[in-house]
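Asks: Please find model-v4.cif (mmCIF, C-alpha atoms and all ligand atoms) on the next line:
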```cif
data_target
loop_
_atom_site.label_atom_id
_atom_site.label_comp_id
_atom_site.auth_asym_id
_atom_site.auth_seq_id
_atom_site.Cartn_x
_atom_site.Cartn_y
_atom_site.Cartn_z
CA MET C 211 4.71 -3.32 -58.24
CA SER C 212 6.40 -4.34 -55.03
CA GLN C 213 9.40 -2.34 -53.91
CA SER C 214 9.82 -4.32 -50.69
CA GLY C 215 13.34 -5.15 -49.73
CA MET C 216 14.64 -2.20 -51.71
CA THR C 217 13.24 0.63 -49.63
CA ASP C 218 12.18 1.22 -46.08
CA LEU C 219 8.49 1.26 -46.98
CA PRO C 220 5.90 1.83 -45.65
CA LYS C 221 6.75 5.36 -44.66
CA ARG C 222 3.35 6.24 -43.21
CA PRO C 223 0.51 4.56 -41.37
CA ASP C 224 -2.91 4.93 -43.05
CA LEU C 225 -4.33 7.61 -40.76
CA GLN C 226 -7.32 8.25 -42.98
CA VAL C 227 -8.66 4.71 -42.68
CA ALA C 228 -8.25 4.87 -38.89
CA GLN C 229 -10.11 8.19 -38.58
CA ALA C 230 -12.91 6.99 -40.87
CA PHE C 231 -13.25 3.84 -38.75
CA LEU C 232 -13.47 5.87 -35.52
CA ALA C 233 -15.98 8.26 -37.09
CA GLU C 234 -18.26 5.34 -38.08
CA LEU C 235 -18.03 3.88 -34.56
CA ALA C 236 -18.92 7.26 -33.04
CA LYS C 237 -22.32 7.00 -34.74
CA ILE C 238 -23.33 4.14 -32.42
CA ARG C 239 -24.91 6.49 -29.91
CA ASP C 240 -26.38 5.98 -26.47
CA VAL C 241 -29.71 7.80 -26.02
CA ASP C 242 -28.31 9.28 -22.80
CA GLY C 243 -25.18 10.63 -24.51
CA GLY C 244 -21.84 9.16 -25.57
CA VAL C 245 -21.53 5.82 -27.33
CA ARG C 246 -23.19 2.51 -26.50
CA ARG C 247 -21.42 -0.60 -27.75
CA ASP C 248 -22.97 -3.18 -25.48
CA SER C 249 -21.07 -6.48 -25.27
CA TYR C 250 -22.64 -9.13 -27.55
CA GLY C 251 -25.46 -6.65 -28.11
CA GLU C 252 -26.60 -4.42 -30.94
CA GLY C 253 -23.88 -1.81 -30.38
CA GLU C 254 -20.88 -4.14 -30.27
CA ASN C 255 -22.22 -6.24 -33.16
CA ARG C 256 -22.53 -3.12 -35.30
CA ALA C 257 -18.96 -2.10 -34.38
CA HIS C 258 -17.70 -5.50 -35.54
CA ARG C 259 -19.56 -5.10 -38.86
CA ILE C 260 -17.79 -1.76 -39.34
CA PHE C 261 -14.48 -3.48 -38.55
CA ARG C 262 -15.23 -6.15 -41.14
CA GLU C 263 -16.11 -3.60 -43.83
CA THR C 264 -12.93 -1.61 -43.10
CA ALA C 265 -10.70 -4.70 -43.12
CA VAL C 266 -12.18 -6.01 -46.38
CA SER C 267 -12.00 -2.65 -48.14
CA LEU C 268 -8.34 -2.37 -47.09
CA GLY C 269 -7.62 -5.75 -48.66
CA ALA C 270 -6.78 -7.57 -45.42
CA THR C 271 -7.97 -11.12 -44.71
CA TRP C 272 -10.96 -11.04 -42.35
CA ARG C 273 -12.29 -13.77 -40.08
CA GLN C 274 -14.46 -14.14 -37.02
CA ASP C 275 -13.95 -16.81 -34.35
CA ALA C 276 -16.41 -18.90 -32.34
CA ALA C 277 -16.68 -16.18 -29.68
CA CYS C 278 -17.24 -13.51 -32.37
CA ASN C 279 -13.86 -11.83 -31.96
CA SER C 280 -12.87 -10.40 -35.37
CA TYR C 281 -9.45 -10.50 -37.04
CA ALA C 282 -7.89 -8.62 -39.95
CA ARG C 283 -4.59 -10.03 -41.15
CA ILE C 284 -1.81 -9.38 -43.61
CA GLU C 285 0.88 -11.94 -44.36
CA GLY C 286 4.44 -11.33 -43.27
CA GLN C 287 7.73 -12.33 -44.86
CA ASP C 288 7.51 -15.22 -42.37
CA PRO C 289 3.81 -16.10 -42.64
CA SER C 290 4.04 -18.86 -40.03
CA ARG C 291 4.38 -16.33 -37.22
CA GLN C 292 2.14 -13.41 -36.28
CA LEU C 293 2.15 -10.31 -34.14
CA ILE C 294 -1.30 -9.53 -32.77
CA ILE C 295 -2.35 -5.91 -32.29
CA GLY C 296 -5.63 -5.92 -30.42
CA SER C 297 -8.08 -4.16 -28.18
CA HIS C 298 -11.81 -4.22 -27.47
CA LEU C 299 -14.68 -2.62 -29.37
CA ASP C 300 -17.30 -2.70 -26.62
CA SER C 301 -17.93 0.32 -24.41
CA VAL C 302 -19.65 1.06 -21.13
CA PRO C 303 -23.11 2.72 -21.34
CA THR C 304 -22.77 6.43 -22.24
CA GLY C 305 -19.12 5.66 -22.94
CA GLY C 306 -16.40 7.43 -24.87
CA ASN C 307 -15.52 6.51 -28.44
CA PHE C 308 -11.80 5.91 -27.88
CA ASP C 309 -11.62 3.45 -24.96
CA GLY C 310 -10.66 0.22 -26.72
CA ALA C 311 -11.56 1.32 -30.24
CA ALA C 312 -8.54 3.65 -30.59
CA GLY C 313 -6.28 0.60 -30.23
CA VAL C 314 -8.11 -1.28 -33.00
CA ALA C 315 -8.00 1.85 -35.18
CA LEU C 316 -4.21 2.07 -34.65
CA GLY C 317 -3.85 -1.54 -35.77
CA LEU C 318 -5.86 -0.78 -38.92
CA ALA C 319 -3.67 2.28 -39.61
CA VAL C 320 -0.59 0.04 -39.51
CA LEU C 321 -2.17 -2.63 -41.75
CA GLY C 322 -3.24 0.09 -44.16
CA GLY C 323 0.31 1.47 -44.23
CA PHE C 324 1.77 -1.90 -45.25
CA ILE C 325 -0.99 -2.58 -47.79
CA ALA C 326 -0.75 0.87 -49.42
CA SER C 327 3.00 0.52 -49.91
CA ASP C 328 2.70 -3.13 -50.99
CA THR C 329 5.25 -4.14 -48.35
CA ARG C 330 5.36 -7.22 -46.18
CA PRO C 331 6.18 -6.89 -42.48
CA PRO C 332 8.79 -9.34 -41.09
CA VAL C 333 6.03 -11.47 -39.47
CA SER C 334 2.30 -11.50 -40.23
CA ILE C 335 0.24 -8.84 -38.49
CA THR C 336 -3.19 -9.62 -37.15
CA VAL C 337 -5.43 -6.85 -35.86
CA MET C 338 -7.82 -8.34 -33.34
CA ALA C 339 -11.10 -6.64 -32.41
CA ILE C 340 -11.88 -8.20 -29.06
CA ARG C 341 -15.34 -8.87 -27.62
CA ALA C 342 -16.73 -8.07 -24.18
CA GLU C 343 -13.84 -6.53 -22.28
CA GLU C 344 -15.96 -4.20 -20.18
CA SER C 345 -17.44 -6.09 -17.22
CA THR C 346 -20.46 -3.73 -17.09
CA TRP C 347 -22.71 -5.83 -19.33
CA PHE C 348 -21.69 -9.30 -18.22
CA ASN C 349 -20.14 -9.56 -14.77
CA ALA C 350 -16.90 -11.18 -15.98
CA SER C 351 -13.64 -9.76 -17.26
CA TYR C 352 -11.88 -10.29 -20.59
CA ILE C 353 -14.56 -12.63 -22.00
CA GLY C 354 -13.51 -12.31 -25.66
CA SER C 355 -9.78 -12.64 -25.11
CA ARG C 356 -10.16 -15.52 -22.65
CA ALA C 357 -12.40 -17.34 -25.13
CA ALA C 358 -9.85 -16.77 -27.91
CA LEU C 359 -7.08 -18.12 -25.68
CA GLY C 360 -9.14 -21.19 -24.73
CA VAL C 361 -9.31 -20.34 -21.03
CA LEU C 362 -12.94 -19.24 -20.66
CA ALA C 363 -14.59 -21.66 -18.23
CA PRO C 364 -17.47 -23.46 -20.05
CA GLU C 365 -19.81 -22.90 -17.08
CA GLU C 366 -19.47 -19.13 -17.63
CA LEU C 367 -21.47 -19.59 -20.85
CA THR C 368 -24.52 -20.56 -18.83
CA GLN C 369 -23.87 -18.92 -15.47
CA VAL C 370 -22.74 -15.45 -16.55
CA VAL C 371 -25.78 -13.41 -17.56
CA ARG C 372 -26.26 -9.95 -18.96
CA ALA C 373 -26.93 -7.46 -16.17
CA ASP C 374 -29.84 -5.66 -17.86
CA SER C 375 -31.65 -8.48 -19.69
CA GLY C 376 -30.63 -11.66 -17.84
CA GLN C 377 -29.64 -13.29 -21.17
CA SER C 378 -26.92 -15.92 -20.69
CA LEU C 379 -23.48 -15.29 -22.16
CA GLY C 380 -23.80 -18.41 -24.33
CA ASP C 381 -27.13 -17.28 -25.80
CA ALA C 382 -25.74 -13.80 -26.46
CA ILE C 383 -22.72 -15.28 -28.28
CA VAL C 384 -24.96 -17.46 -30.46
CA GLU C 385 -27.27 -14.52 -31.21
CA SER C 386 -24.23 -12.52 -32.34
CA GLY C 387 -23.23 -15.28 -34.77
CA GLY C 388 -20.87 -17.38 -32.65
CA THR C 389 -20.72 -21.15 -31.96
CA LEU C 390 -20.56 -22.66 -28.50
CA ALA C 391 -19.17 -26.17 -29.11
CA PRO C 392 -15.52 -25.04 -29.58
CA LEU C 393 -15.82 -22.78 -26.53
CA VAL C 394 -17.21 -25.61 -24.39
CA ARG C 395 -14.19 -27.68 -25.49
CA ARG C 396 -11.98 -24.70 -24.59
CA ALA C 397 -10.46 -24.80 -28.08
CA PRO C 398 -8.14 -21.81 -28.59
CA GLN C 399 -9.45 -19.60 -31.38
CA ILE C 400 -6.00 -18.38 -32.43
CA ASP C 401 -2.94 -20.43 -33.27
CA LEU C 402 -1.13 -19.82 -29.98
CA GLY C 403 2.15 -21.33 -31.16
CA SER C 404 2.46 -18.77 -33.96
CA ILE C 405 2.12 -15.64 -31.80
CA THR C 406 5.32 -13.63 -31.40
CA GLY C 407 3.64 -11.01 -29.23
CA PHE C 408 0.44 -9.22 -28.32
CA ILE C 409 0.41 -5.42 -28.36
CA GLU C 410 -2.57 -3.56 -26.99
CA PRO C 411 -2.64 0.14 -27.84
CA HIS C 412 -5.10 1.99 -25.57
CA ILE C 413 -5.89 5.50 -24.42
CA GLU C 414 -4.51 6.24 -20.97
CA GLN C 415 -7.36 6.31 -18.45
CA GLY C 416 -5.55 8.45 -15.88
CA PRO C 417 -3.77 11.83 -16.05
CA ALA C 418 -0.11 10.69 -16.03
CA LEU C 419 0.77 11.47 -19.67
CA ILE C 420 -0.79 14.94 -19.43
CA ALA C 421 1.19 15.60 -16.24
CA GLU C 422 4.38 14.31 -17.91
CA ASN C 423 3.62 16.14 -21.16
CA MET C 424 4.24 12.95 -23.15
CA PRO C 425 2.11 11.77 -26.11
CA VAL C 426 2.62 8.03 -25.56
CA ALA C 427 3.84 5.51 -22.99
CA ALA C 428 5.09 1.95 -23.08
CA VAL C 429 3.30 0.11 -20.28
CA THR C 430 5.51 -2.05 -18.07
CA GLY C 431 2.84 -3.85 -16.07
CA ILE C 432 -0.84 -4.00 -15.23
CA ARG C 433 -1.77 -3.59 -11.60
CA GLY C 434 -3.29 -6.52 -9.78
CA SER C 435 -5.63 -6.05 -6.84
CA PHE C 436 -7.24 -7.35 -3.71
CA ARG C 437 -10.79 -6.28 -3.02
CA TYR C 438 -13.44 -6.48 -0.36
CA ARG C 439 -16.65 -5.51 -2.12
CA SER C 440 -19.01 -5.77 0.86
CA ALA C 441 -17.19 -5.27 4.17
CA ARG C 442 -18.94 -4.32 7.40
CA CYS C 443 -18.01 -2.92 10.78
CA LEU C 444 -20.31 -4.04 13.58
CA GLY C 445 -20.59 -2.06 16.81
CA ALA C 446 -23.64 -1.16 18.89
CA TYR C 447 -26.23 1.58 18.54
CA ALA C 448 -26.34 3.82 21.62
CA HIS C 449 -27.49 7.23 22.86
CA SER C 450 -25.06 9.93 21.73
CA GLY C 451 -25.32 11.96 24.95
CA ALA C 452 -25.56 9.18 27.48
CA THR C 453 -22.85 6.76 26.25
CA PRO C 454 -19.33 7.51 27.54
CA ARG C 455 -16.40 7.23 25.16
CA ASP C 456 -14.77 4.27 26.89
CA VAL C 457 -17.75 1.95 26.38
CA ARG C 458 -18.85 3.07 22.92
CA GLN C 459 -18.87 0.62 20.04
CA ASP C 460 -18.90 3.28 17.34
CA SER C 461 -18.70 1.65 13.89
CA ILE C 462 -18.28 4.98 12.08
CA ALA C 463 -15.36 6.10 14.25
CA ALA C 464 -13.75 2.66 13.90
CA THR C 465 -14.10 2.53 10.12
CA ALA C 466 -12.94 6.14 9.78
CA ARG C 467 -9.83 5.18 11.77
CA LEU C 468 -9.25 2.29 9.35
CA VAL C 469 -9.66 4.58 6.31
CA ALA C 470 -7.28 7.22 7.74
CA THR C 471 -4.64 4.70 8.80
CA MET C 472 -4.73 2.90 5.43
CA ASP C 473 -4.28 6.28 3.75
CA GLU C 474 -1.20 6.97 5.93
CA LEU C 475 0.15 3.51 5.08
CA TRP C 476 -0.33 4.26 1.36
CA GLU C 477 1.56 7.54 1.67
CA HIS C 478 4.35 5.82 3.58
CA LEU C 479 4.72 2.97 1.06
CA GLU C 480 4.53 5.34 -1.91
CA ASN C 481 7.37 7.38 -0.40
CA GLU C 482 9.36 4.16 -0.17
CA GLY C 483 8.85 3.68 -3.92
CA HIS C 484 6.01 1.13 -3.91
CA ASP C 485 3.43 1.20 -6.72
CA LEU C 486 0.07 1.34 -4.92
CA THR C 487 -3.48 2.70 -4.84
CA VAL C 488 -5.87 2.36 -1.86
CA THR C 489 -9.54 3.21 -2.38
CA PHE C 490 -12.51 2.99 -0.06
CA GLY C 491 -15.13 3.56 -2.76
CA ARG C 492 -18.12 3.34 -0.48
CA PHE C 493 -18.62 4.01 3.26
CA GLU C 494 -22.11 4.25 4.70
CA SER C 495 -24.24 3.78 7.77
CA ASP C 496 -27.65 2.12 7.65
CA PRO C 497 -30.36 4.75 6.92
CA ARG C 498 -32.98 2.56 8.59
CA HIS C 499 -31.17 2.80 11.94
CA HIS C 500 -28.76 5.72 11.88
CA ALA C 501 -29.84 9.02 13.43
CA PHE C 502 -28.55 12.39 14.55
CA SER C 503 -28.46 11.45 18.23
CA LYS C 504 -27.26 7.86 17.91
CA VAL C 505 -23.85 6.25 17.99
CA ALA C 506 -23.76 4.21 14.75
CA GLY C 507 -23.89 0.47 15.39
CA GLU C 508 -23.07 -0.61 11.85
CA ALA C 509 -21.12 0.73 8.91
CA SER C 510 -20.55 -0.88 5.53
CA PHE C 511 -17.79 -0.14 3.06
CA CYS C 512 -15.74 -1.51 0.20
CA LEU C 513 -12.00 -1.54 -0.34
CA ASP C 514 -9.99 -1.79 -3.56
CA VAL C 515 -6.18 -2.04 -3.28
CA ARG C 516 -4.05 -2.21 -6.44
CA SER C 517 -0.36 -2.60 -7.16
CA ALA C 518 1.91 -3.76 -9.97
CA SER C 519 3.74 -5.85 -7.34
CA ASP C 520 2.44 -9.01 -5.73
CA ASP C 521 4.73 -8.48 -2.73
CA THR C 522 3.30 -5.01 -2.12
CA LEU C 523 -0.26 -6.37 -2.31
CA GLU C 524 0.53 -9.09 0.23
CA ARG C 525 2.29 -6.66 2.55
CA VAL C 526 -0.66 -4.24 2.48
CA HIS C 527 -3.06 -7.12 3.04
CA ALA C 528 -1.12 -8.25 6.11
CA ASP C 529 -1.12 -4.66 7.42
CA LEU C 530 -4.85 -4.40 6.79
CA LEU C 531 -5.56 -7.51 8.89
CA ARG C 532 -3.28 -6.25 11.68
CA LEU C 533 -5.01 -2.83 11.67
CA VAL C 534 -8.45 -4.42 11.68
CA SER C 535 -7.59 -6.42 14.76
CA GLU C 536 -6.04 -3.40 16.54
CA ILE C 537 -9.09 -1.25 15.84
CA GLU C 538 -11.40 -4.07 16.92
CA SER C 539 -9.83 -3.96 20.40
CA SER C 540 -9.41 -0.20 20.65
CA HIS C 541 -12.98 0.54 19.47
CA ARG C 542 -14.81 -2.56 20.79
CA VAL C 543 -16.18 -3.43 17.33
CA ARG C 544 -15.96 -6.35 14.96
CA PHE C 545 -15.05 -6.16 11.27
CA ASP C 546 -16.55 -8.60 8.80
CA LEU C 547 -14.55 -8.03 5.61
CA GLY C 548 -16.51 -10.55 3.57
CA GLU C 549 -15.11 -12.35 0.53
CA ARG C 550 -11.68 -11.41 -0.77
CA THR C 551 -11.49 -11.13 -4.56
CA GLY C 552 -8.85 -9.68 -6.85
CA SER C 553 -6.42 -10.34 -9.65
CA ASP C 554 -2.71 -10.96 -10.06
CA PRO C 555 -0.49 -8.17 -11.41
CA ALA C 556 0.62 -8.73 -15.00
CA VAL C 557 4.29 -8.22 -15.78
CA LEU C 558 4.56 -7.26 -19.42
CA SER C 559 7.30 -8.46 -21.78
CA THR C 560 10.57 -6.55 -21.30
CA GLU C 561 11.57 -7.25 -24.92
CA LEU C 562 8.33 -5.86 -26.32
CA VAL C 563 8.42 -2.85 -23.96
CA GLN C 564 11.99 -2.19 -25.09
CA GLY C 565 10.93 -2.64 -28.72
CA LEU C 566 8.23 -0.01 -28.26
CA THR C 567 10.58 2.50 -26.61
CA GLU C 568 13.13 1.96 -29.39
CA ALA C 569 10.43 2.41 -32.03
CA ALA C 570 9.40 5.64 -30.30
CA ARG C 571 12.99 6.86 -30.32
CA ALA C 572 13.31 5.95 -34.02
CA SER C 573 10.18 7.95 -34.86
CA GLY C 574 11.24 10.89 -32.72
CA ALA C 575 8.35 10.52 -30.25
CA PRO C 576 8.86 11.18 -26.53
CA CYS C 577 7.79 7.97 -24.76
CA HIS C 578 7.02 7.57 -21.07
CA LEU C 579 7.22 4.29 -19.09
CA MET C 580 4.43 3.50 -16.64
CA ALA C 581 2.23 0.83 -15.04
CA SER C 582 -1.44 0.59 -15.95
CA GLY C 583 -3.88 1.05 -13.09
CA ALA C 584 -6.81 -0.37 -15.00
CA GLY C 585 -7.21 -3.95 -16.22
CA HIS C 586 -6.90 -4.75 -19.93
CA ASP C 587 -7.11 -7.70 -22.33
CA ALA C 588 -3.30 -7.69 -22.33
CA ALA C 589 -3.53 -9.13 -18.79
CA ALA C 590 -5.39 -12.17 -20.17
CA PHE C 591 -2.77 -12.70 -22.90
CA CYS C 592 -0.01 -12.26 -20.32
CA ALA C 593 -1.65 -14.85 -18.04
CA ALA C 594 -1.71 -17.26 -21.01
CA ALA C 595 2.09 -16.81 -21.33
CA VAL C 596 1.87 -14.77 -24.55
CA PRO C 597 4.57 -12.03 -24.48
CA SER C 598 2.49 -8.85 -24.19
CA ALA C 599 2.88 -5.10 -24.02
CA MET C 600 0.71 -2.02 -24.17
CA LEU C 601 1.11 1.38 -25.79
CA PHE C 602 -0.77 4.17 -24.03
CA ILE C 603 -1.94 7.29 -25.84
CA ARG C 604 -2.40 10.57 -23.98
CA ASN C 605 -6.05 11.27 -23.20
CA ARG C 606 -7.88 13.96 -21.27
CA ASN C 607 -10.79 13.57 -18.84
CA GLY C 608 -10.31 9.88 -18.03
CA SER C 609 -12.39 7.24 -19.77
CA HIS C 610 -15.77 5.50 -19.48
CA ASN C 611 -17.38 8.87 -20.21
CA PRO C 612 -18.19 10.85 -23.38
CA ASP C 613 -15.69 13.58 -22.44
CA GLU C 614 -12.59 11.43 -22.96
CA HIS C 615 -10.35 13.24 -25.38
CA MET C 616 -7.44 11.95 -27.44
CA SER C 617 -6.04 14.44 -29.95
CA GLU C 618 -5.62 13.38 -33.54
CA ALA C 619 -1.99 14.53 -33.31
CA ASP C 620 -1.28 12.13 -30.42
CA PHE C 621 -3.07 9.32 -32.25
CA ASN C 622 -0.87 9.96 -35.28
CA ILE C 623 2.29 9.84 -33.15
CA ALA C 624 1.16 6.52 -31.65
CA ALA C 625 0.49 5.17 -35.17
CA GLU C 626 4.01 6.15 -36.29
CA VAL C 627 5.48 4.42 -33.22
CA LEU C 628 3.46 1.26 -33.80
CA LEU C 629 4.37 1.16 -37.48
CA ALA C 630 8.06 1.62 -36.63
CA PHE C 631 7.71 -1.22 -34.12
CA CYS C 632 6.07 -3.56 -36.67
CA LYS C 633 8.73 -2.87 -39.28
CA ARG C 634 11.41 -4.01 -36.82
CA HIS C 635 9.59 -6.82 -35.03
CA HIS C 636 11.00 -10.17 -36.13
CA GLY C 637 9.56 -12.10 -33.18
ZN ZN O 701 -10.57 -0.24 -22.46
#
```
Using structure tokens, write down the structure that the file contains.
Ligand SMILES: [Zn+2]

Replies:
Amino acid sequence: MSQSGMTDLPKRPDLQVAQAFLAELAKIRDVDGGVRRDSYGEGENRAHRIFRETAVSLGATWRQDAACNSYARIEGQDPSRQLIIGSHLDSVPTGGNFDGAAGVALGLAVLGGFIASDTRPPVSITVMAIRAEESTWFNASYIGSRAALGVLAPEELTQVVRADSGQSLGDAIVESGGTLAPLVRRAPQIDLGSITGFIEPHIEQGPALIAENMPVAAVTGIRGSFRYRSARCLGAYAHSGATPRDVRQDSIAATARLVATMDELWEHLENEGHDLTVTFGRFESDPRHHAFSKVAGEASFCLDVRSASDDTLERVHADLLRLVSEIESSHRVRFDLGERTGSDPAVLSTELVQGLTEAARASGAPCHLMASGAGHDAAAFCAAAVPSAMLFIRNRNGSHNPDEHMSEADFNIAAEVLLAFCKRHHG
């Protein structure tokens, strides 16, 4: 019998259903260790079947869309509006079990809490298990969420192919049970007008919450980036003993100067309060030509700069170009940075972030505020003008590896926070 309206039910999220769900997912092993939930492949498909079984056994309404994203829903007191709690179920090869899946498990814990206490939330709650977030398998980001939002470019269905097999994205979607016609038409797969917010719970992929000794964080923004994936510095090969300093065209010395100066710039801007990361992830000379007694005539490198602020990104980019031109004259070299790629920073919804911090306070959980350094599906929802927020859960050892570690106690705290949020969220 329903007691809703008379008590403050549900009191507890259904932690058991969440743990059982995660335990089933953990069985999808990679032969080289960790889990393997390949996007639109055997692993991810199996994870979505587990999601379906869990949703149905809970008594939620289950559906799958044209891009094979899965949804579990319970009706709210106002059934015409819905809060979406979502994250991805795919993983990188030899991945960890919690990246993505922990967020879906949290959503199921909340649904289970409402169902067990026979209570309706203020608005409907939809838990969304999102497809193909990891860009390892198909070289494109946020495929599932962009398809659901109706913003996946139709040509991606034919042009984006799976890195290991060469199968096209469209064929992989069909093989997983999807339909291409609505995606080609860019038909949104969720009723966009009904969404009051999108919350993505996710393990933290850096060490901030451990350093702060906080179990959870409300995420204020997702860093955007500019990137040069294949930059080169061109100088001239020369004899190391016979070439004087003032005529050398040393590409290694020039690039090293660029790396060191960009690092100083980062330190300077960080001290001024800017949110920023600067990473030269690769720096190498050509093994076919480099040698012990040669000045290096060519170096190649990549650069990844991220910030939660567009202004900071543009400022650093302008400084980069200025530095490049200074080093070109001081070191007699030429830089060819190649194609600039990147993404815009996502500013998350202040109301939802505030709602999460208030829910944390109400459940007695210490809650940190921070920007996310990694990209997430929430960025795609944010770009589609859906008010979005993220809830980070403390996690050891980073992610994208089998050693990631989220404690059950921290997961339970996050579930309490999310449940408290859902009980108060009227949209
Ligand atoms: Zn993730």

Asks: Counting all atoms listed in the file, what residues are within 10 Å of ligand ZN 701 (chain O), given as a PyMOL selection string?

Replies: chain C and resi 297-302+306+308-313+343-344+410-415+584-587+609-610

Asks: So what do you get for atom CA of C:Leu566 versus atom CA of C:Leu601, distance-wise?

Replies: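 Distance reported for this atom pair: 7.7 Å.
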
Asks: One number please: atom CA of C:Asp248 to atom CA of C:Ser386, in Å, one decimal.

Replies: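 One can read the atom CA of C:Asp248 to atom CA of C:Ser386 distance as 11.7 Å.
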
Asks: Between atom CA of C:Val333 and atom CA of C:Gly407, what is the spacing in Å?

Replies: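 Taking atom CA of C:Gly407 and atom CA of C:Val333, their separation equals 10.5 Å.
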
Asks: At most 12 Å from (-27.1, 9.8, -20.5), file frame, only C-alpha atoms: which residues, as a ChimeraX atom specification?

Replies: /C:239-246,302-306,611-612

Asks: With C-alpha atoms retained, export the selected residues as a PDB file, in the coordinates of the input.

Replies:
```
ATOM      1  CA  ARG C 239     -24.910   6.490 -29.910  1.00  0.00           C
ATOM      2  CA  ASP C 240     -26.380   5.980 -26.470  1.00  0.00           C
ATOM      3  CA  VAL C 241     -29.710   7.800 -26.020  1.00  0.00           C
ATOM      4  CA  ASP C 242     -28.310   9.280 -22.800  1.00  0.00           C
ATOM      5  CA  GLY C 243     -25.180  10.630 -24.510  1.00  0.00           C
ATOM      6  CA  GLY C 244     -21.840   9.160 -25.570  1.00  0.00           C
ATOM      7  CA  VAL C 245     -21.530   5.820 -27.330  1.00  0.00           C
ATOM      8  CA  ARG C 246     -23.190   2.510 -26.500  1.00  0.00           C
ATOM      9  CA  VAL C 302     -19.650   1.060 -21.130  1.00  0.00           C
ATOM     10  CA  PRO C 303     -23.110   2.720 -21.340  1.00  0.00           C
ATOM     11  CA  THR C 304     -22.770   6.430 -22.240  1.00  0.00           C
ATOM     12  CA  GLY C 305     -19.120   5.660 -22.940  1.00  0.00           C
ATOM     13  CA  GLY C 306     -16.400   7.430 -24.870  1.00  0.00           C
ATOM     14  CA  ASN C 611     -17.380   8.870 -20.210  1.00  0.00           C
ATOM     15  CA  PRO C 612     -18.190  10.850 -23.380  1.00  0.00           C
TER      16      PRO C 612
END
```

Asks: From the options C:Met600, C:Ala572, C:Leu533, C:Ala625, which residue's atoms come nearest to C:Ser559, counting all atoms listed in the file?

Replies: C:Met600

Asks: Which residues are near stretch 231-235 of chain C? Cut-off 9 Å, all atoms listed in the file, ignore same chain within fewer than 2 positions. Put them as a ChimeraX atom specification.

Replies: /C:226-229,237-239,245,247,256-257,260-261,264,299,307-308,311-312,315,318

Asks: Find the residue from C:Asn255, C:Thr368, C:Pro417, C:Cys278 that sits nearest to C:Gly608; use only C-alpha atoms when measuring.

Replies: C:Pro417

Asks: Kindly provide, as a PyMOL selection string, the polymer residues lying within 10 Å of (-2.0, -1.0, -46.5), counting all atoms listed in the file and using the coordinates exactly as they appear in the file.

Replies: chain C and resi 220+222-224+227+268-270+284+318-330

Asks: Go through C:Ala452, C:Ala590, C:Val370, C:Ala276 and flag the residue nearest C:Arg395, using all atoms listed in the file for the distances.

Replies: C:Ala276

Asks: Could you check the closest approach to C:Ser355 for each of C:Thr487, C:Gln399, C:Ser249, C:Ser450 and tell me which residue wins, using only C-alpha atoms?

Replies: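 Closest candidate: C:Gln399.
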
Asks: So, with only C-alpha atoms as the atoms that count, which of C:Val596, C:Leu513, C:Leu419, C:Cys577 lies closest to C:Met616?

Replies: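 Ranked by minimum distance to C:Met616, first place goes to C:Leu419.
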
Asks: With distances taken over only C-alpha atoms, which of C:Leu523, C:Ile537, C:Ile383, C:Val505 is nearest to C:Ala470?

Replies: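 Of all the options, C:Ile537 lies closest to C:Ala470.
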